[in-house]
$ cat input30.txt   # compact mmCIF, C-alpha atoms
# COMPACT_ATOMS: atom_id res chain seq x y z
CA MET A 1 24.52 9.10 -35.99
CA THR A 2 22.83 11.26 -33.34
CA GLN A 3 20.00 9.90 -31.21
CA HIS A 4 17.56 12.29 -32.89
CA ARG A 5 18.51 11.05 -36.39
CA GLN A 6 18.35 7.43 -35.23
CA SER A 7 14.85 7.97 -33.89
CA ARG A 8 13.71 9.63 -37.13
CA TRP A 9 15.06 6.74 -39.22
CA ARG A 10 13.42 4.25 -36.86
CA LEU A 11 10.06 5.99 -37.38
CA VAL A 12 10.56 5.90 -41.16
CA MET A 13 11.63 2.24 -41.33
CA GLY A 14 9.11 0.91 -38.85
CA ALA A 15 9.20 -2.15 -36.60
CA GLY A 16 12.06 -4.56 -37.22
CA SER A 17 14.70 -1.88 -37.59
CA GLU A 18 15.51 -1.68 -33.87
CA GLN A 19 18.88 -3.39 -34.27
CA LEU A 20 19.94 -0.79 -36.83
CA CYS A 21 18.34 2.33 -35.39
CA GLY A 22 17.77 1.54 -31.73
CA GLY A 23 14.54 1.67 -29.77
CA LEU A 24 12.07 4.47 -29.17
CA SER A 25 10.82 6.04 -26.00
CA GLY A 26 8.50 8.82 -24.83
CA ASP A 27 6.72 10.78 -27.54
CA ASP A 28 8.64 9.01 -30.30
CA HIS A 29 7.18 5.70 -29.13
CA LYS A 30 3.69 7.24 -29.27
CA ARG A 31 4.39 8.60 -32.76
CA ASP A 32 5.43 5.12 -33.88
CA GLU A 33 2.21 3.71 -32.46
CA CYS A 34 0.15 6.31 -34.36
CA LEU A 35 1.98 5.63 -37.63
CA GLY A 36 1.63 1.89 -37.15
CA PHE A 37 -2.09 2.19 -36.43
CA LEU A 38 -2.55 3.73 -39.86
CA TYR A 39 0.21 2.49 -42.15
CA ASP A 40 0.42 -1.11 -40.94
CA ARG A 41 -2.85 -1.51 -42.86
CA GLU A 42 -0.56 -1.50 -45.92
CA TYR A 43 0.72 -4.92 -44.89
CA GLY A 44 -2.46 -6.54 -43.65
CA GLY A 45 -5.34 -8.50 -45.17
CA SER A 46 -5.04 -8.94 -48.93
CA ARG A 47 -2.02 -6.67 -49.18
CA ASN A 48 1.66 -7.62 -49.14
CA VAL A 49 1.95 -8.88 -45.57
CA ARG A 50 5.32 -8.71 -43.88
CA SER A 51 5.66 -12.12 -42.26
CA GLY A 52 6.69 -12.23 -38.65
CA ASP A 53 5.56 -8.68 -37.96
CA ASP A 54 3.86 -8.66 -34.58
CA ARG A 55 2.15 -5.33 -35.20
CA ARG A 56 -1.44 -5.22 -36.42
CA GLY A 57 -3.35 -2.79 -38.57
CA SER A 58 -6.90 -3.80 -37.68
CA LEU A 59 -9.01 -1.85 -35.25
CA GLY A 60 -9.59 -4.88 -33.05
CA ASP A 61 -5.96 -5.69 -32.36
CA SER A 62 -4.71 -2.15 -31.84
CA ALA A 63 -4.43 -0.55 -28.42
CA LEU A 64 -5.67 2.68 -30.01
CA THR A 65 -9.25 3.53 -30.90
CA VAL A 66 -10.07 5.96 -33.72
CA PRO A 67 -10.73 8.87 -31.29
CA ASP A 68 -7.49 8.08 -29.42
CA TRP A 69 -5.58 8.03 -32.70
CA ILE A 70 -7.06 11.38 -33.82
CA ASN A 71 -6.16 13.01 -30.51
CA GLN A 72 -2.62 11.62 -30.41
CA VAL A 73 -1.91 12.64 -34.00
CA ASN A 74 -3.00 16.20 -33.23
CA GLU A 75 -0.83 16.31 -30.11
CA LEU A 76 2.31 14.71 -31.52
CA PHE A 77 2.74 15.94 -35.11
CA PRO A 78 3.05 19.34 -36.84
CA LYS A 79 0.11 20.71 -38.82
CA ARG A 80 1.38 19.68 -42.29
CA THR A 81 1.95 16.12 -41.10
CA ILE A 82 -1.51 16.00 -39.48
CA GLU A 83 -3.11 17.02 -42.78
CA ARG A 84 -1.23 14.26 -44.63
CA LEU A 85 -2.16 11.63 -42.04
CA GLU A 86 -5.83 12.67 -42.14
CA ARG A 87 -5.84 12.55 -45.94
CA ASP A 88 -4.27 9.08 -46.00
CA ALA A 89 -6.65 7.85 -43.31
CA LEU A 90 -9.71 8.93 -45.31
CA GLU A 91 -8.62 8.43 -48.92
CA ARG A 92 -6.10 5.61 -48.77
CA TYR A 93 -7.34 3.44 -45.91
CA GLN A 94 -11.01 4.50 -45.68
CA LEU A 95 -10.71 5.14 -41.96
CA GLU A 96 -13.98 7.04 -42.09
CA GLU A 97 -15.83 6.03 -38.95
CA MET A 98 -15.52 9.38 -37.20
CA VAL A 99 -16.18 11.70 -40.12
CA THR A 100 -18.51 10.01 -42.61
CA ASN A 101 -20.77 7.62 -40.71
CA PRO A 102 -23.55 9.14 -38.57
CA GLU A 103 -24.49 5.67 -37.28
CA VAL A 104 -21.07 5.25 -35.70
CA LEU A 105 -21.43 8.62 -33.97
CA ALA A 106 -24.96 7.73 -32.84
CA ARG A 107 -23.63 4.59 -31.12
CA ALA A 108 -20.62 6.32 -29.58
CA GLN A 109 -20.47 6.88 -25.84
CA PRO A 110 -19.99 10.61 -25.15
CA ASN A 111 -16.80 11.36 -23.22
CA GLN A 112 -14.07 13.95 -23.29
CA SER A 113 -11.73 11.93 -25.50
CA LEU A 114 -14.44 11.54 -28.12
CA LEU A 115 -15.40 15.21 -27.74
CA LYS A 116 -11.85 16.28 -28.54
CA ALA A 117 -11.69 13.95 -31.55
CA VAL A 118 -14.92 15.38 -32.97
CA LEU A 119 -13.73 18.96 -32.52
CA ARG A 120 -10.49 18.13 -34.29
CA THR A 121 -12.14 16.52 -37.31
CA LYS A 122 -15.36 18.52 -37.71
CA HIS A 123 -13.86 20.37 -40.69
CA LEU A 124 -13.82 17.04 -42.56
CA MET A 125 -17.49 16.21 -41.92
CA ASN A 126 -20.43 16.62 -44.27
CA GLN A 127 -23.61 18.26 -42.97
CA ASP A 128 -25.39 15.03 -41.96
CA VAL A 129 -22.41 13.79 -40.00
CA LEU A 130 -21.83 17.23 -38.51
CA LYS A 131 -25.39 17.23 -37.18
CA ALA A 132 -24.83 13.84 -35.51
CA ALA A 133 -21.49 15.06 -34.16
CA GLN A 134 -23.09 18.17 -32.72
CA HIS A 135 -25.60 16.01 -30.86
CA LEU A 136 -22.71 13.95 -29.46
CA VAL A 137 -20.84 17.10 -28.43
CA ARG A 138 -23.96 18.38 -26.69
CA LYS A 139 -24.30 15.20 -24.62
CA ALA A 140 -20.63 15.29 -23.62
CA VAL A 141 -20.85 18.99 -22.71
CA GLU A 142 -23.99 18.42 -20.64
CA GLU A 143 -22.11 15.87 -18.55
CA LEU A 144 -19.24 18.31 -18.12
CA MET A 145 -21.67 21.13 -17.22
CA LYS A 146 -23.24 19.01 -14.48
CA LYS A 147 -19.82 18.36 -13.03
CA LEU A 148 -18.58 21.95 -13.12
CA ALA A 149 -21.70 24.07 -12.65
CA GLN A 150 -22.29 23.28 -8.99
CA GLU A 151 -18.73 23.96 -7.81
CA ILE A 152 -18.56 27.19 -9.82
CA ARG A 153 -21.93 28.52 -8.69
CA SER A 154 -21.38 27.55 -5.06
CA ALA A 155 -18.36 29.87 -4.98
CA PHE A 156 -20.73 32.79 -5.61
CA GLN A 157 -23.53 31.83 -3.20
CA GLY A 158 -22.29 34.22 -0.56
CA SER A 159 -20.65 33.84 2.82
CA LEU A 160 -22.51 33.12 6.04
CA ASN A 161 -23.66 36.15 8.05
CA ARG A 162 -23.45 34.88 11.62
CA GLN A 163 -24.91 38.12 12.99
CA SER A 164 -28.23 37.68 11.19
CA ARG A 165 -30.91 34.97 11.02
CA SER A 166 -32.76 33.70 7.99
CA ASN A 167 -36.22 32.26 7.34
CA LEU A 168 -34.77 30.26 4.46
CA LYS A 169 -34.55 26.80 6.06
CA ILE A 170 -31.91 24.97 4.06
CA ALA A 171 -29.20 22.64 5.35
CA LYS A 172 -26.20 24.74 4.35
CA ASN A 173 -27.51 27.67 6.46
CA PHE A 174 -28.20 25.53 9.58
CA ASP A 175 -26.73 26.97 12.82
CA ILE A 176 -26.04 23.89 14.94
CA ASP A 177 -24.65 25.60 18.07
CA SER A 178 -27.45 28.17 18.37
CA THR A 179 -30.09 25.53 17.69
CA ILE A 180 -28.80 23.33 20.53
CA LYS A 181 -28.66 26.25 22.98
CA ARG A 182 -32.14 27.46 22.04
CA ASN A 183 -33.68 23.99 22.52
CA LEU A 184 -31.85 22.73 25.62
CA ARG A 185 -35.02 23.08 27.69
CA HIS A 186 -36.56 20.35 25.55
CA TYR A 187 -33.89 17.79 26.45
CA ASP A 188 -35.33 14.44 27.66
CA PRO A 189 -32.91 12.84 30.19
CA GLU A 190 -34.61 9.43 30.09
CA SER A 191 -34.33 8.95 26.32
CA ARG A 192 -31.23 11.13 26.15
CA ARG A 193 -32.72 12.93 23.18
CA LEU A 194 -32.90 16.61 22.32
CA ILE A 195 -36.20 17.62 20.77
CA ILE A 196 -35.70 20.52 18.40
CA GLU A 197 -38.72 22.78 18.23
CA THR A 198 -36.99 25.91 16.95
CA PRO A 199 -34.19 25.33 14.42
CA ILE A 200 -31.95 28.34 13.79
CA PHE A 201 -30.55 29.31 10.37
CA TYR A 202 -27.95 31.87 9.33
CA SER A 203 -28.64 34.40 6.61
CA ARG A 204 -26.13 35.05 3.85
CA ILE A 205 -24.36 38.18 2.72
CA ARG A 206 -25.00 38.91 -0.93
CA ARG A 207 -21.74 39.54 -2.67
CA GLN A 208 -21.60 42.72 -4.67
CA VAL A 209 -20.54 41.41 -8.05
CA ASP A 210 -22.81 43.46 -10.32
CA ARG A 211 -20.07 45.92 -11.20
CA TRP A 212 -17.47 43.25 -12.00
CA GLN A 213 -16.48 42.19 -15.48
CA ILE A 214 -14.54 39.04 -16.40
CA ILE A 215 -12.86 38.70 -19.80
CA ILE A 216 -11.65 35.18 -20.62
CA LEU A 217 -9.05 34.98 -23.40
CA VAL A 218 -8.35 31.47 -24.67
CA ASP A 219 -5.41 30.45 -26.85
CA GLU A 220 -6.91 28.05 -29.42
CA SER A 221 -3.69 26.44 -30.63
CA GLY A 222 -3.87 22.64 -30.88
CA SER A 223 -2.05 22.01 -27.61
CA MET A 224 -4.71 23.97 -25.69
CA MET A 225 -7.64 21.66 -26.52
CA ASP A 226 -8.51 20.80 -22.90
CA SER A 227 -8.32 24.47 -21.97
CA VAL A 228 -10.65 25.45 -24.81
CA ILE A 229 -13.25 22.87 -23.74
CA HIS A 230 -13.18 23.79 -20.07
CA SER A 231 -13.05 27.52 -20.83
CA ALA A 232 -16.19 27.36 -22.97
CA VAL A 233 -18.10 25.51 -20.26
CA THR A 234 -16.71 27.71 -17.47
CA ALA A 235 -17.60 30.89 -19.38
CA ALA A 236 -21.14 29.56 -19.90
CA VAL A 237 -21.54 29.02 -16.16
CA PHE A 238 -20.11 32.47 -15.38
CA PHE A 239 -22.47 33.87 -18.01
CA GLY A 240 -25.35 32.33 -16.06
CA LEU A 241 -24.41 34.49 -13.07
CA LYS A 242 -26.39 37.49 -14.22
CA THR A 243 -24.63 39.91 -11.90
CA LEU A 244 -21.25 39.14 -13.50
CA LYS A 245 -20.53 40.49 -16.98
CA THR A 246 -18.66 37.74 -18.84
CA HIS A 247 -16.82 37.83 -22.17
CA LEU A 248 -15.30 34.82 -23.96
CA VAL A 249 -12.67 35.47 -26.63
CA ILE A 250 -10.59 32.89 -28.50
CA PHE A 251 -7.46 33.70 -30.47
CA ASP A 252 -4.54 32.45 -32.52
CA THR A 253 -3.14 35.14 -34.82
CA THR A 254 -6.68 36.50 -35.13
CA VAL A 255 -9.28 37.23 -32.46
CA VAL A 256 -12.86 35.92 -32.35
CA ASP A 257 -15.32 37.18 -29.74
CA LEU A 258 -17.67 34.33 -28.78
CA THR A 259 -19.50 36.21 -26.02
CA ALA A 260 -22.79 35.96 -27.92
CA ASP A 261 -22.50 32.16 -27.73
CA CYS A 262 -21.48 32.01 -24.07
CA VAL A 263 -24.89 30.75 -23.05
CA ASP A 264 -24.43 27.69 -25.30
CA PRO A 265 -20.97 26.11 -24.97
CA VAL A 266 -21.80 23.65 -27.77
CA GLU A 267 -22.21 26.47 -30.27
CA THR A 268 -19.01 27.97 -28.89
CA LEU A 269 -16.99 24.79 -29.33
CA MET A 270 -18.33 24.05 -32.81
CA LYS A 271 -17.00 27.44 -33.95
CA VAL A 272 -13.48 26.81 -32.66
CA GLN A 273 -10.84 26.10 -35.30
CA LEU A 274 -7.80 24.73 -33.51
CA GLY A 275 -4.30 25.31 -34.77
CA GLY A 276 -2.37 28.16 -36.32
CA GLY A 277 0.06 30.63 -34.82
CA THR A 278 -0.29 32.61 -31.62
CA ASP A 279 -0.46 36.38 -31.12
CA ILE A 280 -1.25 36.95 -27.44
CA GLY A 281 -0.55 40.68 -27.68
CA ASN A 282 -3.26 41.04 -30.33
CA ALA A 283 -5.78 39.29 -28.07
CA MET A 284 -4.83 41.44 -25.09
CA SER A 285 -5.22 44.56 -27.24
CA TYR A 286 -8.76 43.50 -28.10
CA ALA A 287 -9.55 42.73 -24.47
CA GLU A 288 -8.47 46.24 -23.55
CA THR A 289 -11.24 47.64 -25.75
CA LEU A 290 -13.86 45.67 -23.77
CA ILE A 291 -12.96 47.08 -20.36
CA ASP A 292 -15.64 49.27 -18.74
CA ASN A 293 -14.16 49.87 -15.28
CA PRO A 294 -10.53 48.74 -14.90
CA ARG A 295 -10.75 48.40 -11.11
CA ARG A 296 -13.74 46.08 -11.50
CA THR A 297 -12.30 43.99 -14.33
CA ILE A 298 -10.57 40.61 -14.29
CA VAL A 299 -8.77 39.46 -17.44
CA VAL A 300 -8.11 35.70 -17.47
CA LEU A 301 -5.50 34.79 -20.09
CA ILE A 302 -5.40 31.04 -20.80
CA SER A 303 -2.33 30.21 -22.84
CA ASP A 304 1.00 28.40 -22.87
CA PHE A 305 2.60 31.90 -23.16
CA PHE A 306 4.66 30.92 -26.20
CA GLU A 307 4.18 34.23 -28.00
CA GLY A 308 4.38 34.15 -31.78
CA GLY A 309 4.16 37.92 -32.07
CA ASP A 310 6.40 40.57 -30.56
CA PRO A 311 6.59 39.93 -26.78
CA ARG A 312 7.19 43.63 -26.22
CA ASN A 313 3.69 44.38 -27.48
CA LEU A 314 2.17 41.88 -25.05
CA LEU A 315 4.21 43.21 -22.13
CA SER A 316 3.38 46.83 -22.96
CA ILE A 317 -0.38 46.18 -23.07
CA SER A 318 -0.23 44.08 -19.89
CA ARG A 319 1.62 46.84 -18.04
CA ARG A 320 -0.94 49.40 -19.18
CA MET A 321 -3.82 47.21 -18.01
CA LEU A 322 -2.25 46.52 -14.62
CA GLU A 323 -1.42 50.18 -14.02
CA SER A 324 -5.04 51.11 -14.77
CA GLY A 325 -6.24 48.73 -12.03
CA VAL A 326 -7.14 45.62 -14.04
CA THR A 327 -6.61 42.27 -12.30
CA LEU A 328 -4.67 40.04 -14.72
CA LEU A 329 -4.58 36.28 -14.20
CA GLY A 330 -2.55 34.06 -16.50
CA LEU A 331 -3.52 30.38 -16.56
CA ALA A 332 -1.08 27.89 -18.03
CA ALA A 333 -3.86 25.30 -18.13
CA LEU A 334 -7.53 25.03 -17.35
CA ASP A 335 -8.12 21.30 -17.51
CA GLU A 336 -9.05 19.04 -14.62
CA LYS A 337 -5.48 17.89 -14.04
CA ALA A 338 -4.02 21.39 -14.39
CA ASN A 339 -0.70 20.10 -15.68
CA PRO A 340 0.95 23.22 -17.11
CA THR A 341 3.48 23.46 -19.94
CA TYR A 342 4.34 27.08 -20.64
CA ASP A 343 7.02 29.67 -21.34
CA HIS A 344 8.34 30.28 -17.83
CA ASP A 345 10.40 33.31 -18.87
CA LEU A 346 7.48 35.28 -20.33
CA ALA A 347 5.22 34.23 -17.47
CA ALA A 348 7.84 35.43 -14.96
CA ARG A 349 8.02 38.83 -16.67
CA LEU A 350 4.25 39.19 -16.38
CA VAL A 351 4.44 38.30 -12.69
CA GLN A 352 7.09 40.96 -12.14
CA MET A 353 4.62 43.53 -13.48
CA GLY A 354 1.93 42.45 -11.03
CA ALA A 355 0.04 39.75 -12.89
CA GLN A 356 -0.71 36.41 -11.28
CA VAL A 357 0.22 33.25 -13.16
CA GLY A 358 -0.58 29.67 -12.24
CA ALA A 359 -2.69 26.61 -13.07
CA MET A 360 -6.28 26.22 -11.89
CA THR A 361 -9.18 23.89 -12.50
CA PRO A 362 -12.51 25.58 -13.35
CA GLY A 363 -13.64 25.20 -9.74
CA GLU A 364 -10.47 26.80 -8.43
CA LEU A 365 -10.84 29.63 -10.95
CA ALA A 366 -14.41 30.27 -9.76
CA ALA A 367 -13.30 30.40 -6.11
CA TRP A 368 -10.47 32.78 -7.03
CA VAL A 369 -12.80 35.10 -8.95
CA ALA A 370 -15.41 34.99 -6.15
CA GLU A 371 -12.75 35.98 -3.62
CA LYS A 372 -11.72 38.96 -5.77
CA VAL A 373 -15.19 40.32 -6.38
CA GLN A 374 -16.33 40.17 -2.75
CA ARG A 375 -13.51 42.37 -1.47
$ encode --input "input30.txt" --output "structure tokens"
Amino acid sequence: MTQHRQSRWRLVMGAGSEQLCGGLSGDDHKRDECLGFLYDREYGGSRNVRSGDDRRGSLGDSALTVPDWINQVNELFPKRTIERLERDALERYQLEEMVTNPEVLARAQPNQSLLKAVLRTKHLMNQDVLKAAQHLVRKAVEELMKKLAQEIRSAFQGSLNRQSRSNLKIAKNFDIDSTIKRNLRHYDPESRRLIIETPIFYSRIRRQVDRWQIIILVDESGSMMDSVIHSAVTAAVFFGLKTLKTHLVIFDTTVVDLTADCVDPVETLMKVQLGGGTDIGNAMSYAETLIDNPRRTIVVLISDFFEGGDPRNLLSISRRMLESGVTLLGLAALDEKANPTYDHDLAARLVQMGAQVGAMTPGELAAWVAEKVQR
């Protein structure tokens, strides 16, 4: 029996079958943990308990929480299996905390793990629970906005103009060297102190970004959850820079333009339906229709580059964009860790055409865009 078949039988038979089927490792071990979290309830409490089993079905004894379980299931199993697990969780084992009880959501501590779990299960929620979930999402997004907004906006504040002075007396414009030179005559040798009567401040060069356009295309397949979250928040911050024209578009096999909701990332995220196939070429074709001035346009494609459509269509549109003067940036990930998993072959072909492909955090993306638009 092959290792793959042994692992599948081990997952089916559960704990206690290690001698027959061998152990599990990596993602298979995580899958076993997810299945045990749900289906070990079959053997607990008043049910037919398997004596000697050291695994537990209760929430208290499990290493997983409900949000953790939801996230792992969505990351480890195919769509049909996810639907079956969700159905069993709700109908067979009444694991309803996240989708039917507003009080549980009201007590929950907003964090990114919980945010992802809510986004993955919002289609199962009734209107009352959905309202509580939306409030939770808003609190989690506000925390994320605070973290990302400053580093993104600071990239667009402008560079120091050391040839000009400013009356705006703020710390980041302070010219230390010129201030010391200007005030040397006020130096007190006895106290060894320099009295500053005339502080000097630099002015800043305003970057000419009003003619630039940024189009952010986000693959909304299940594996891109972190990218979707960070993209929505990043687009909202870019949207707040009034001199930069920002578009936010999500796609799977269809394309949805969320630009109208850019100002509110919560509304954006609550409209996202994760999963489905991927047609990057279709999304790029739509982006092409949005372009006003190719030489003042940046298209940011956030995807794992596993194209479900015809790759030739994607490559043809990309070549046409690049030849017209568009700056094309492919991001394999847009989460804080920027750990990319992507189709290296397709990404390499885009690079050969002149696109840039890599992994950036939102702050790094902002710095990259700022550098482009100030040239």
$ residues_around --input "input30.txt" --residues "Leu119 (chain A)" --least-positions-apart "5" --cutoff "8 Å" --atoms "only C-alpha atoms" --output "PyMOL selection string"
chain A and resi 269-270+272
$ residues_near_point --input "input30.txt" --point "(-1.2, 3.7, -44.8)" --cutoff "9 Å" --atoms "only C-alpha atoms" --output "PDB file with C-alpha atoms, in the frame of the given file"
ATOM      1  CA  LEU A  35       1.980   5.630 -37.630  1.00  0.00           C
ATOM      2  CA  GLY A  36       1.630   1.890 -37.150  1.00  0.00           C
ATOM      3  CA  PHE A  37      -2.090   2.190 -36.430  1.00  0.00           C
ATOM      4  CA  LEU A  38      -2.550   3.730 -39.860  1.00  0.00           C
ATOM      5  CA  TYR A  39       0.210   2.490 -42.150  1.00  0.00           C
ATOM      6  CA  ASP A  40       0.420  -1.110 -40.940  1.00  0.00           C
ATOM      7  CA  ARG A  41      -2.850  -1.510 -42.860  1.00  0.00           C
ATOM      8  CA  GLU A  42      -0.560  -1.500 -45.920  1.00  0.00           C
ATOM      9  CA  TYR A  43       0.720  -4.920 -44.890  1.00  0.00           C
ATOM     10  CA  LEU A  85      -2.160  11.630 -42.040  1.00  0.00           C
ATOM     11  CA  ASP A  88      -4.270   9.080 -46.000  1.00  0.00           C
ATOM     12  CA  ALA A  89      -6.650   7.850 -43.310  1.00  0.00           C
ATOM     13  CA  ARG A  92      -6.100   5.610 -48.770  1.00  0.00           C
ATOM     14  CA  TYR A  93      -7.340   3.440 -45.910  1.00  0.00           C
TER      15      TYR A  93
END
$ closest_residue --input "input30.txt" --among "A:His230, A:Thr65, A:Ile180, A:Glu267" --to "Gln112 (chain A)" --atoms "only C-alpha atoms"
A:His230
$ residues_near_point --input "input30.txt" --point "(-8.1, 28.1, -15.4)" --cutoff "10 Å" --atoms "only C-alpha atoms" --output "list in words"
Ile216, Val218, Ser227, His230, Ser231, Thr234, Val300, Leu301, Ile302, Ser303, Leu329, Gly330, Leu331, Ala332, Ala333, Leu334, Asp335, Glu336, Ala338, Gly358, Ala359, Met360, Thr361, Pro362, Gly363, Glu364, Leu365, Ala366 and Trp368 of chain A
$ closest_residue --input "input30.txt" --among "A:Trp212, A:Phe174, A:Phe156, A:Trp69" --to "Arg295 (chain A)" --atoms "all atoms listed in the file"
A:Trp212
$ residues_around --input "input30.txt" --residues "Lys139 (chain A)" --least-positions-apart "5" --cutoff "9 Å" --atoms "all atoms listed in the file" --output "list in words"
Pro110, Asn111, Gln134 and Leu144 of chain A
$ residues_around --input "input30.txt" --residues "Val249 (chain A)" --least-positions-apart "6" --cutoff "7 Å" --atoms "only C-alpha atoms" --output "compact mmCIF listing (two decimals) with C-alpha atoms, keeping the file's coordinate frame"
# COMPACT_ATOMS: atom_id res chain seq x y z
CA ILE A 216 -11.65 35.18 -20.62
CA LEU A 217 -9.05 34.98 -23.40
CA VAL A 218 -8.35 31.47 -24.67
CA VAL A 255 -9.28 37.23 -32.46
CA VAL A 256 -12.86 35.92 -32.35
CA ASP A 257 -15.32 37.18 -29.74
CA LEU A 258 -17.67 34.33 -28.78
CA THR A 259 -19.50 36.21 -26.02
